[in-house]
Structure formats: structure tokens, C-alpha cells
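Student: See coords.cif below, with mmCIF, C-alpha atoms (C1' of nucleotides).
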```cif
data_start
loop_
_atom_site.label_atom_id
_atom_site.label_comp_id
_atom_site.auth_asym_id
_atom_site.auth_seq_id
_atom_site.Cartn_x
_atom_site.Cartn_y
_atom_site.Cartn_z
CA MET W 4 7.45 -36.29 -22.00
CA PRO W 5 8.42 -39.68 -20.80
CA GLU W 6 11.61 -41.04 -22.34
CA LEU W 7 13.60 -44.11 -21.31
CA PRO W 8 14.44 -42.92 -17.74
CA GLU W 9 10.85 -41.92 -16.98
CA VAL W 10 9.33 -45.13 -18.36
CA GLU W 11 11.96 -47.14 -16.47
CA THR W 12 11.03 -45.31 -13.25
CA ILE W 13 7.38 -46.20 -13.75
CA ARG W 14 8.36 -49.81 -14.45
CA GLN W 15 10.34 -50.03 -11.22
CA ASP W 16 7.43 -48.55 -9.26
CA MET W 17 4.97 -50.93 -10.91
CA LEU W 18 7.10 -53.92 -9.93
CA LYS W 19 6.64 -52.82 -6.31
CA LYS W 20 3.02 -51.68 -6.45
CA VAL W 21 1.05 -53.68 -8.98
CA LYS W 22 3.01 -56.79 -9.88
CA GLY W 23 1.07 -59.89 -8.89
CA LYS W 24 -2.24 -58.07 -8.44
CA LYS W 25 -5.43 -59.49 -9.90
CA ILE W 26 -7.67 -57.27 -11.99
CA CYS W 27 -11.29 -57.50 -10.96
CA LYS W 28 -12.69 -54.78 -13.22
CA VAL W 29 -11.53 -52.55 -16.07
CA GLU W 30 -13.35 -49.28 -16.72
CA VAL W 31 -12.86 -47.51 -20.03
CA LYS W 32 -13.69 -43.82 -19.75
CA ASN W 33 -12.30 -42.99 -23.15
CA GLU W 34 -11.74 -45.56 -25.88
CA LYS W 35 -9.34 -43.53 -27.96
CA PRO W 36 -6.04 -44.90 -26.63
CA ILE W 37 -7.07 -48.54 -27.08
CA HIS W 38 -5.93 -49.72 -30.51
CA ILE W 39 -6.03 -53.51 -30.22
CA PRO W 40 -8.37 -55.27 -29.50
CA ALA W 41 -11.78 -53.54 -29.59
CA PRO W 42 -12.45 -51.86 -26.22
CA SER W 43 -15.14 -54.37 -25.25
CA GLN W 44 -12.73 -57.26 -25.90
CA PHE W 45 -9.96 -55.37 -24.11
CA VAL W 46 -12.05 -55.21 -20.94
CA LYS W 47 -13.28 -58.79 -21.23
CA LYS W 48 -9.83 -60.25 -21.81
CA LEU W 49 -8.27 -58.43 -18.84
CA GLU W 50 -10.82 -59.03 -16.13
CA GLY W 51 -9.71 -61.81 -13.79
CA LYS W 52 -6.13 -61.66 -15.07
CA VAL W 53 -2.99 -60.90 -13.06
CA PHE W 54 -0.33 -58.27 -13.73
CA ARG W 55 2.67 -60.57 -14.04
CA ASP W 56 6.15 -59.33 -14.84
CA ILE W 57 6.68 -55.80 -16.17
CA PHE W 58 9.20 -54.93 -18.88
CA ARG W 59 10.31 -51.88 -20.78
CA ARG W 60 11.40 -51.71 -24.40
CA GLY W 61 12.47 -48.21 -25.39
CA LYS W 62 9.56 -46.01 -24.37
CA TYR W 63 7.11 -48.92 -24.35
CA LEU W 64 5.96 -50.33 -21.03
CA ILE W 65 5.00 -53.98 -21.30
CA VAL W 66 2.89 -55.76 -18.69
CA GLN W 67 2.88 -59.53 -19.03
CA ILE W 68 -0.65 -60.81 -18.50
CA ASN W 69 -0.09 -64.49 -19.24
CA SER W 70 2.22 -66.64 -21.33
CA THR W 71 0.97 -65.17 -24.57
CA GLU W 72 -0.61 -61.79 -23.90
CA ASN W 73 0.90 -58.45 -23.03
CA LEU W 74 -0.66 -55.15 -22.04
CA ILE W 75 1.44 -52.50 -23.74
CA PHE W 76 1.50 -48.77 -23.03
CA HIS W 77 3.17 -45.93 -24.91
CA LEU W 78 2.76 -42.68 -22.98
CA ARG W 79 3.89 -40.39 -25.83
CA LEU W 80 3.73 -36.82 -24.50
CA THR W 81 1.28 -36.62 -21.64
CA GLY W 82 0.25 -40.18 -20.80
CA ARG W 83 0.47 -41.12 -17.13
CA LEU W 84 0.10 -44.25 -15.03
CA ILE W 85 -0.92 -43.45 -11.47
CA PHE W 86 -1.40 -45.92 -8.65
CA SER W 87 -3.95 -45.43 -5.91
CA PRO W 88 -3.75 -47.81 -2.93
CA ARG W 89 -7.26 -46.98 -1.82
CA GLY W 90 -10.41 -45.41 -3.33
CA GLU W 91 -9.32 -41.90 -4.12
CA ARG W 92 -11.30 -40.18 -6.84
CA ASN W 93 -10.18 -40.38 -10.45
CA PRO W 94 -7.33 -38.08 -11.43
CA GLU W 95 -8.02 -35.56 -14.21
CA TYR W 96 -8.03 -36.93 -17.75
CA THR W 97 -8.53 -40.54 -16.65
CA ARG W 98 -9.12 -42.77 -19.66
CA ILE W 99 -8.80 -46.29 -18.25
CA ILE W 100 -9.10 -47.58 -14.68
CA PHE W 101 -7.69 -50.96 -13.68
CA ASN W 102 -9.40 -52.02 -10.46
CA PHE W 103 -7.53 -54.69 -8.50
CA GLU W 104 -9.00 -57.27 -6.18
CA ASP W 105 -7.48 -55.63 -3.09
CA LYS W 106 -9.34 -52.36 -3.91
CA SER W 107 -6.20 -50.60 -5.15
CA ARG W 108 -6.36 -49.07 -8.62
CA LEU W 109 -4.16 -48.11 -11.53
CA PHE W 110 -5.25 -45.07 -13.52
CA PHE W 111 -4.19 -44.50 -17.09
CA THR W 112 -4.60 -40.79 -17.81
CA ASP W 113 -3.71 -38.58 -20.77
CA ILE W 114 -4.22 -34.87 -21.40
CA ARG W 115 -3.44 -34.54 -25.08
CA GLY W 116 -4.65 -37.96 -26.06
CA PHE W 117 -1.69 -39.27 -28.06
CA ALA W 118 -0.85 -42.18 -25.77
CA ASP W 119 -1.48 -45.73 -26.97
CA VAL W 120 -2.61 -48.95 -25.31
CA TYR W 121 -2.57 -52.45 -26.79
CA LEU W 122 -3.39 -55.93 -25.54
CA ILE W 123 -1.57 -58.29 -27.86
CA SER W 124 0.49 -61.44 -28.02
CA GLU W 125 4.17 -61.35 -28.92
CA ARG W 126 3.53 -62.82 -32.34
CA GLU W 127 1.29 -59.82 -33.04
CA TRP W 128 4.05 -57.31 -32.31
CA GLY W 129 4.04 -56.53 -36.00
CA GLU W 130 0.79 -54.69 -35.27
CA ILE W 131 2.96 -52.05 -33.61
CA PRO W 132 5.51 -51.20 -36.32
CA SER W 133 7.68 -49.02 -34.10
CA LEU W 134 7.98 -51.83 -31.56
CA GLN W 135 8.75 -54.33 -34.28
CA SER W 136 11.54 -52.22 -35.74
CA ILE W 137 12.92 -50.83 -32.48
CA GLY W 138 16.69 -50.47 -32.11
CA PRO W 139 18.97 -51.73 -29.32
CA GLU W 140 18.51 -50.83 -25.66
CA PRO W 141 21.26 -48.36 -24.73
CA LEU W 142 21.55 -49.70 -21.17
CA ASP W 143 21.65 -53.34 -22.18
CA PRO W 144 25.06 -54.86 -21.27
CA ASP W 145 25.38 -56.01 -24.89
CA PHE W 146 25.25 -52.41 -26.07
CA THR W 147 28.99 -51.82 -26.11
CA LEU W 148 30.99 -48.99 -27.65
CA ASN W 149 31.87 -51.35 -30.47
CA GLU W 150 28.16 -51.99 -31.02
CA PHE W 151 27.47 -48.24 -31.13
CA GLU W 152 30.30 -47.71 -33.63
CA ASN W 153 28.90 -50.45 -35.84
CA LEU W 154 25.43 -49.00 -35.60
CA LEU W 155 26.72 -45.62 -36.80
CA LYS W 156 28.47 -47.07 -39.84
CA GLY W 157 26.84 -45.92 -43.04
CA LYS W 158 24.50 -43.57 -41.19
CA LYS W 159 24.21 -39.97 -42.24
CA GLY W 160 22.06 -37.00 -41.33
CA LYS W 161 22.01 -34.86 -38.22
CA ILE W 162 23.23 -36.75 -35.17
CA LYS W 163 20.44 -35.43 -32.95
CA LEU W 164 17.76 -36.81 -35.25
CA LEU W 165 19.54 -40.14 -35.44
CA LEU W 166 19.65 -40.41 -31.64
CA MET W 167 15.91 -39.78 -31.53
CA ASP W 168 15.21 -42.37 -34.23
CA GLN W 169 13.70 -45.29 -32.29
CA SER W 170 14.74 -47.77 -34.96
CA PHE W 171 18.37 -46.66 -34.50
CA ILE W 172 18.44 -46.76 -30.70
CA ALA W 173 15.57 -47.27 -28.26
CA GLY W 174 14.15 -44.81 -25.77
CA ILE W 175 15.98 -41.55 -26.52
CA GLY W 176 13.77 -38.49 -27.05
CA ASN W 177 14.12 -34.75 -27.34
CA ILE W 178 15.51 -34.12 -23.86
CA TYR W 179 18.15 -36.82 -23.41
CA SER W 180 19.45 -36.54 -26.98
CA GLN W 181 20.26 -32.90 -26.26
CA GLU W 182 21.76 -33.58 -22.85
CA ALA W 183 24.00 -36.34 -24.22
CA LEU W 184 25.21 -34.11 -27.07
CA PHE W 185 25.92 -31.25 -24.69
CA ARG W 186 27.93 -33.50 -22.39
CA ALA W 187 29.84 -34.90 -25.37
CA ARG W 188 30.41 -31.35 -26.74
CA ILE W 189 28.94 -32.33 -30.09
CA HIS W 190 26.76 -29.93 -32.10
CA PRO W 191 23.31 -31.47 -32.66
CA GLU W 192 23.50 -30.78 -36.41
CA ARG W 193 26.77 -32.59 -36.96
CA ASN W 194 26.53 -35.18 -39.67
CA SER W 195 26.57 -38.66 -38.15
CA SER W 196 29.00 -39.88 -40.79
CA GLN W 197 31.58 -37.27 -39.85
CA LEU W 198 31.97 -37.97 -36.15
CA LYS W 199 35.52 -38.80 -35.12
CA LYS W 200 36.27 -41.98 -33.24
CA GLU W 201 36.85 -40.16 -29.95
CA GLU W 202 33.62 -38.18 -30.40
CA ILE W 203 31.66 -41.40 -30.88
CA LYS W 204 33.25 -42.75 -27.70
CA SER W 205 32.36 -39.60 -25.77
CA LEU W 206 28.80 -39.62 -27.09
CA TYR W 207 28.42 -43.27 -26.14
CA GLU W 208 29.72 -42.72 -22.62
CA ASN W 209 27.72 -39.55 -22.02
CA LEU W 210 24.52 -41.01 -23.42
CA LEU W 211 24.73 -43.97 -21.06
CA SER W 212 25.73 -41.85 -18.06
CA VAL W 213 22.95 -39.28 -18.51
CA LEU W 214 20.36 -42.05 -18.81
CA ARG W 215 21.70 -43.81 -15.71
CA GLU W 216 21.80 -40.60 -13.70
CA ALA W 217 18.28 -39.64 -14.78
CA ILE W 218 16.98 -43.05 -13.68
CA SER W 219 18.70 -42.69 -10.31
CA TYR W 220 16.91 -39.35 -9.84
CA ARG W 221 13.63 -40.90 -10.99
CA GLY W 222 13.36 -38.95 -14.24
CA SER W 223 12.79 -35.35 -15.35
CA SER W 224 9.38 -33.73 -15.11
CA VAL W 225 9.59 -31.52 -18.17
CA ASP W 226 6.00 -31.05 -19.37
CA THR W 227 3.72 -33.34 -17.38
CA TYR W 228 5.59 -36.47 -16.37
CA VAL W 229 4.94 -37.89 -12.92
CA ASN W 230 5.82 -41.31 -11.52
CA LEU W 231 3.38 -43.97 -10.38
CA GLN W 232 2.84 -42.15 -7.08
CA GLY W 233 1.99 -38.93 -8.95
CA GLU W 234 5.31 -37.37 -7.90
CA LYS W 235 7.61 -35.35 -10.15
CA GLY W 236 11.06 -36.57 -11.14
CA GLU W 237 14.10 -35.02 -9.49
CA PHE W 238 16.51 -34.87 -12.41
CA GLU W 239 15.43 -31.50 -13.82
CA PRO W 240 17.98 -29.43 -11.83
CA TYR W 241 20.67 -31.54 -13.45
CA LEU W 242 19.57 -30.91 -17.03
CA GLN W 243 22.36 -28.82 -18.51
CA VAL W 244 20.88 -27.42 -21.74
CA TYR W 245 17.25 -28.36 -22.19
CA GLY W 246 15.00 -25.31 -21.81
CA ARG W 247 17.92 -22.95 -21.10
CA LYS W 248 17.56 -20.58 -24.09
CA GLY W 249 19.45 -17.32 -23.48
CA LYS W 250 20.89 -18.55 -20.19
CA SER W 251 24.63 -18.94 -19.90
CA CYS W 252 26.23 -22.24 -20.77
CA LYS W 253 27.14 -24.17 -17.64
CA ARG W 254 30.52 -24.95 -19.17
CA CYS W 255 31.64 -21.82 -21.02
CA ALA W 256 29.09 -19.11 -20.09
CA ASN W 257 28.15 -18.46 -23.72
CA PRO W 258 24.36 -17.99 -24.14
CA ILE W 259 22.50 -21.21 -24.97
CA VAL W 260 20.70 -21.01 -28.30
CA LYS W 261 17.46 -22.63 -29.37
CA LYS W 262 16.89 -23.84 -32.90
CA LYS W 263 14.33 -26.05 -34.58
CA ILE W 264 15.97 -29.20 -35.81
CA GLY W 265 13.71 -31.67 -37.54
CA GLY W 266 10.76 -29.61 -36.36
CA ARG W 267 11.70 -29.98 -32.69
CA GLY W 268 13.04 -27.35 -30.33
CA THR W 269 16.74 -27.97 -29.75
CA TYR W 270 18.99 -26.22 -27.23
CA PHE W 271 22.74 -26.16 -27.46
CA CYS W 272 25.87 -24.10 -26.90
CA SER W 273 27.26 -22.95 -30.22
CA LYS W 274 30.62 -22.23 -28.62
CA CYS W 275 31.49 -25.46 -26.87
CA GLN W 276 29.44 -27.91 -28.95
CA LYS W 277 31.23 -28.34 -32.27
"C1'" DC R 5 14.35 -42.22 -51.78
"C1'" DA R 6 15.55 -39.53 -47.97
"C1'" DA R 7 14.08 -35.41 -45.85
"C1'" DT R 8 10.45 -32.45 -44.53
"C1'" DC R 9 5.76 -31.28 -43.39
"C1'" DG R 10 1.22 -31.90 -41.45
"C1'" DT R 11 -1.48 -34.37 -38.07
"C1'" DC R 12 -3.31 -35.71 -33.71
"C1'" DC R 13 -4.57 -32.64 -28.99
"C1'" DT R 14 -4.86 -29.47 -25.02
"C1'" DG R 15 -2.64 -26.36 -21.73
"C1'" DC R 16 -0.09 -22.64 -21.20
"C1'" DG R 17 2.77 -18.56 -22.05
"C1'" DG R 18 4.17 -14.61 -24.71
"C1'" DG R 19 2.71 -10.54 -26.57
"C1'" DC R 20 -0.18 -6.78 -27.22
"C1'" DT N 7 -5.81 -6.95 -17.42
"C1'" DG N 8 -7.45 -10.20 -20.33
"C1'" DC N 9 -7.55 -12.43 -24.41
"C1'" DC N 10 -5.85 -14.91 -28.26
"C1'" DC N 11 -2.64 -16.89 -31.10
"C1'" DG N 12 0.81 -20.08 -31.49
"C1'" DC N 13 3.92 -23.20 -29.49
"C1'" DA N 14 5.05 -27.72 -27.34
"C1'" DG N 15 6.03 -32.66 -29.08
"C1'" DG N 16 6.36 -38.86 -30.49
"C1'" DA N 17 5.63 -41.10 -34.25
"C1'" DC N 18 3.18 -41.88 -38.44
"C1'" DG N 19 1.54 -40.89 -43.09
"C1'" DA N 20 1.70 -37.83 -47.00
"C1'" DT N 21 4.33 -35.14 -49.84
"C1'" DT N 22 8.30 -33.27 -52.34
#
```
Translate this structure into C-alpha cells?
Tutor:
Amino acid sequence: MPELPEVETIRQDMLKKVKGKKICKVEVKNEKPIHIPAPSQFVKKLEGKVFRDIFRRGKYLIVQINSTENLIFHLRLTGRLIFSPRGERNPEYTRIIFNFEDKSRLFFTDIRGFADVYLISEREWGEIPSLQSIGPEPLDPDFTLNEFENLLKGKKGKIKLLLMDQSFIAGIGNIYSQEALFRARIHPERNSSQLKKEEIKSLYENLLSVLREAISYRGSSVDTYVNLQGEKGEFEPYLQVYGRKGKSCKRCANPIVKKKIGGRGTYFCSKCQK
DNA sequence: CAATCGTCCTGCGGGC
DNA sequence: TGCCCGCAGGACGATT
């Protein structure tokens, strides 16, 4: 499941591989992921256009097409963007193919079919409510400890769920919320309003460091994530709690427990995360 | 009104 | 061994 580090890795790869390329043909194999506009319009509007700059906002990948329009992807759980320099056959579960003038191609694939694609102008961002209401970027230089403290003021509920709330902070999902909490030694069910000042500082620092490290290792391939070249991320060996049910805690050797929190599998050490 | 539940979907793994 | 049930999850909409 692509979270901020995985989407950022794809963005960096796309800057190298597809930025500046002209689309000569768009093939829609499956219309389901295309929300806006109608698939026929989607194809028509993109053909002849150039992939300009490429941005990321939380888990959204935003390709600038011209001064007003943006091609926006949300990969959700199993969406993939795969680049092919030369006519290889379509990967499994291909839904959209972007054919470039130089014969290279970008495949948008998705197994489970939750991923979303939009072609909209910035003034239509309201059409994507979760993009409209998205919280601050954790790796933005403006996102200081003071900013994080202010953001937490008046917030209650389990800290893990708050970290995963995209309107609170952008790009954090089930894996990195757990890794950050483990590193900060904070129990995922702690009430956000009861965190001590030094715990907030530790959470802030560990959240940023785990995201930065994951980006430097090109993401984690839990589930089906691969980068633009179809390669797995290399951060998985460095995940300290995710998926480690019953195994001994890397810090205190106590067995890692798994519990559903907010309907999502959550791993933590009940001894050293308080 | 905030929290929880069901929904979408398909592959895979646990259990018998 | 092989099959089948149920789990996995991002975000939204319905429900309590």
C-alpha cells in the first residue's frame, strides 16, 4: 500500500522517466478508475499533451498537463504506475496505457480496483474532497515541531487514527503510523490529548525520520507496491513492528502484539510502547 | 456529533 | 492435499 514514501519514490522516478514526454495515445482498458471527466473526454483531452512537472500531495500524485489541468492519481491499496521504455506487453491488471511519442509507455495498473484517476483543473479540486481538505505535508520545511504541537491542540481520540487522518496530516497510512509510534515508544491507543510535551516532540522527530529513511530506501513493498521500474522498495527490512506479530520486540524482546484499531491491523509492543 | 461499521475488490494464507 | 473461508486495507457514506 503506497503511502507518502512510496508515492514520493514514484514521483522522483517519473521526473526522470516521463517528465517532458508527449502523449500520442491513451488507451483505456478499464474505465472504473476514471472519475472525472468521462473516459472519452479523458482520452481526448490528454492526447497531444505533455507530462509537465510532477508533484505529490499526501498520497496523491499530480501530473501537470498544462497551466490549468492536472492528471491526478491515488493508488489506494494496489494501484501501480509502471514505465516501459520500449514495447513490452501490458503488465497484469493494466487499466490505462499512456503511449508517448518516443514509443515509451506508462501503465496504470490495479488489482483490487480501488485506485482513482482524475483530470481536473485546480479550481475543481473540490471535486476531490480528501484533496481539498488535506492536512499539512510532514516533510515540508514549514512543518515544524511548533506546527505539530498546534495541530494536536484540541484533538482527541487514539493517536494512531489521528496520524492516519489525511485531513490532520498528509500521507501517513497504516504502516508508517505504526513505525513512528514504535520509534517514539507511544502506544497506538493513547489519547491524542494526553500526550506529554516530550512525547509529542519524539513523535514528531520519529515520524519525520522514518518517512525520510523510507524515501531514501525507495519505500516498503508491503502488499503489492513497486516503483516505476516495477522494482520492490528496500525499506521492509528496516520496518520494526509492522507485520511482526508474535516476534520479539527489536527493543525489549517482548512479543509484538496485533490488535484491530479503527478496523485496521495494528502491531505494537505493549511493554515498551506506553 | 463523533465513533464505528460496511463497502468496494481480489489474492492469498490459515486451517481443517 | 486441496479447498474454502476470511482477512487485508484507503477513504467514503451510512448508521448509531
Student: Would you mind reading off the distance between CA of Asn73 (chain W) and CA of Gly116 (chain W), one decimal, in Å?
Tutor: 21.4 Å
Student: Suppose you want the space between C1' of DG19 (chain R) and CA of Ile114 (chain W); what is it in Å?
Tutor: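 Distance between the two atoms: 25.8 Å.
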Student: With a distance cut-off of 8 Å and all atoms listed in the file, select the neighbouring residues of Gly138 (chain W), excluding the residue or stretch itself and same-chain residues fewer than 6 positions from it, and output the selection as an MDAnalysis selection string.
Tutor: chainID W and resid 169:173
Student: Applying 12 Å and all atoms listed in the file, which residues near Glu234 (chain W) remain after dropping the ones on its own chain fewer than 6 positions away? List them as a list in words.
Tutor: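 Here the answer would be Glu9, Thr12, Ile13, Asp16, Arg83, Leu84, Ile85, Phe86, Tyr220, Arg221, Gly222, Ser223, Ser224, Thr227 and Tyr228 of chain W.
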Student: Would you write out those residues with C-alpha atoms, as a PDB file, in the coordinates of the input?
Tutor:
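Resulting contents of out-v9.pdb:
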```pdb
ATOM      1  CA  GLU W   9      10.850 -41.920 -16.980  1.00  0.00           C
ATOM      2  CA  THR W  12      11.030 -45.310 -13.250  1.00  0.00           C
ATOM      3  CA  ILE W  13       7.380 -46.200 -13.750  1.00  0.00           C
ATOM      4  CA  ASP W  16       7.430 -48.550  -9.260  1.00  0.00           C
ATOM      5  CA  ARG W  83       0.470 -41.120 -17.130  1.00  0.00           C
ATOM      6  CA  LEU W  84       0.100 -44.250 -15.030  1.00  0.00           C
ATOM      7  CA  ILE W  85      -0.920 -43.450 -11.470  1.00  0.00           C
ATOM      8  CA  PHE W  86      -1.400 -45.920  -8.650  1.00  0.00           C
ATOM      9  CA  TYR W 220      16.910 -39.350  -9.840  1.00  0.00           C
ATOM     10  CA  ARG W 221      13.630 -40.900 -10.990  1.00  0.00           C
ATOM     11  CA  GLY W 222      13.360 -38.950 -14.240  1.00  0.00           C
ATOM     12  CA  SER W 223      12.790 -35.350 -15.350  1.00  0.00           C
ATOM     13  CA  SER W 224       9.380 -33.730 -15.110  1.00  0.00           C
ATOM     14  CA  THR W 227       3.720 -33.340 -17.380  1.00  0.00           C
ATOM     15  CA  TYR W 228       5.590 -36.470 -16.370  1.00  0.00           C
TER      16      TYR W 228
END
```
Student: Could you expand the PyMOL selection byres ((chain W) within 10 of (chain N)) into the explicit residues it covers here, written as a ChimeraX atom specification?
Tutor: /W:4-6,62,77-81,117-118,132-133,167-169,176-177,226,266-268
Student: Determine the residue set returned by the PyMOL selection byres ((chain R) within 10 of (chain W)) for the present structure, and present it as a ChimeraX atom specification.
Tutor: /R:6-9,12-15
Student: Please write the residues picked by the PyMOL selection byres ((chain W and resi 64) around 6) on this file as a PyMOL selection string.
Tutor: chain W and resi 59+63+65+75-76
Student: Taking all atoms listed in the file into account, which of W:Lys248, W:Lys35, W:Arg60, W:Lys25 comes nearest Asp105 (chain W)?
Tutor: W:Lys25
Student: Please measure the separation of CA of Pro40 (chain W) and CA of Ile100 (chain W), giving the value in Å to one decimal.
Tutor: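 Result for CA of Pro40 (chain W) versus CA of Ile100 (chain W): 16.7 Å, one decimal.
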Student: Excluding Lys52 (chain W) and its own-chain neighbours fewer than 2 positions away, which residues fall within 8 Å of it when counting all atoms listed in the file? Please give them as a PDB file with C-alpha atoms, in the frame of the given file.
Tutor:
```pdb
ATOM      1  CA  LYS W  25      -5.430 -59.490  -9.900  1.00  0.00           C
ATOM      2  CA  ILE W  26      -7.670 -57.270 -11.990  1.00  0.00           C
ATOM      3  CA  CYS W  27     -11.290 -57.500 -10.960  1.00  0.00           C
ATOM      4  CA  LYS W  48      -9.830 -60.250 -21.810  1.00  0.00           C
ATOM      5  CA  LEU W  49      -8.270 -58.430 -18.840  1.00  0.00           C
ATOM      6  CA  GLU W  50     -10.820 -59.030 -16.130  1.00  0.00           C
ATOM      7  CA  PHE W  54      -0.330 -58.270 -13.730  1.00  0.00           C
ATOM      8  CA  ILE W  68      -0.650 -60.810 -18.500  1.00  0.00           C
ATOM      9  CA  ASN W  69      -0.090 -64.490 -19.240  1.00  0.00           C
TER      10      ASN W  69
END
```
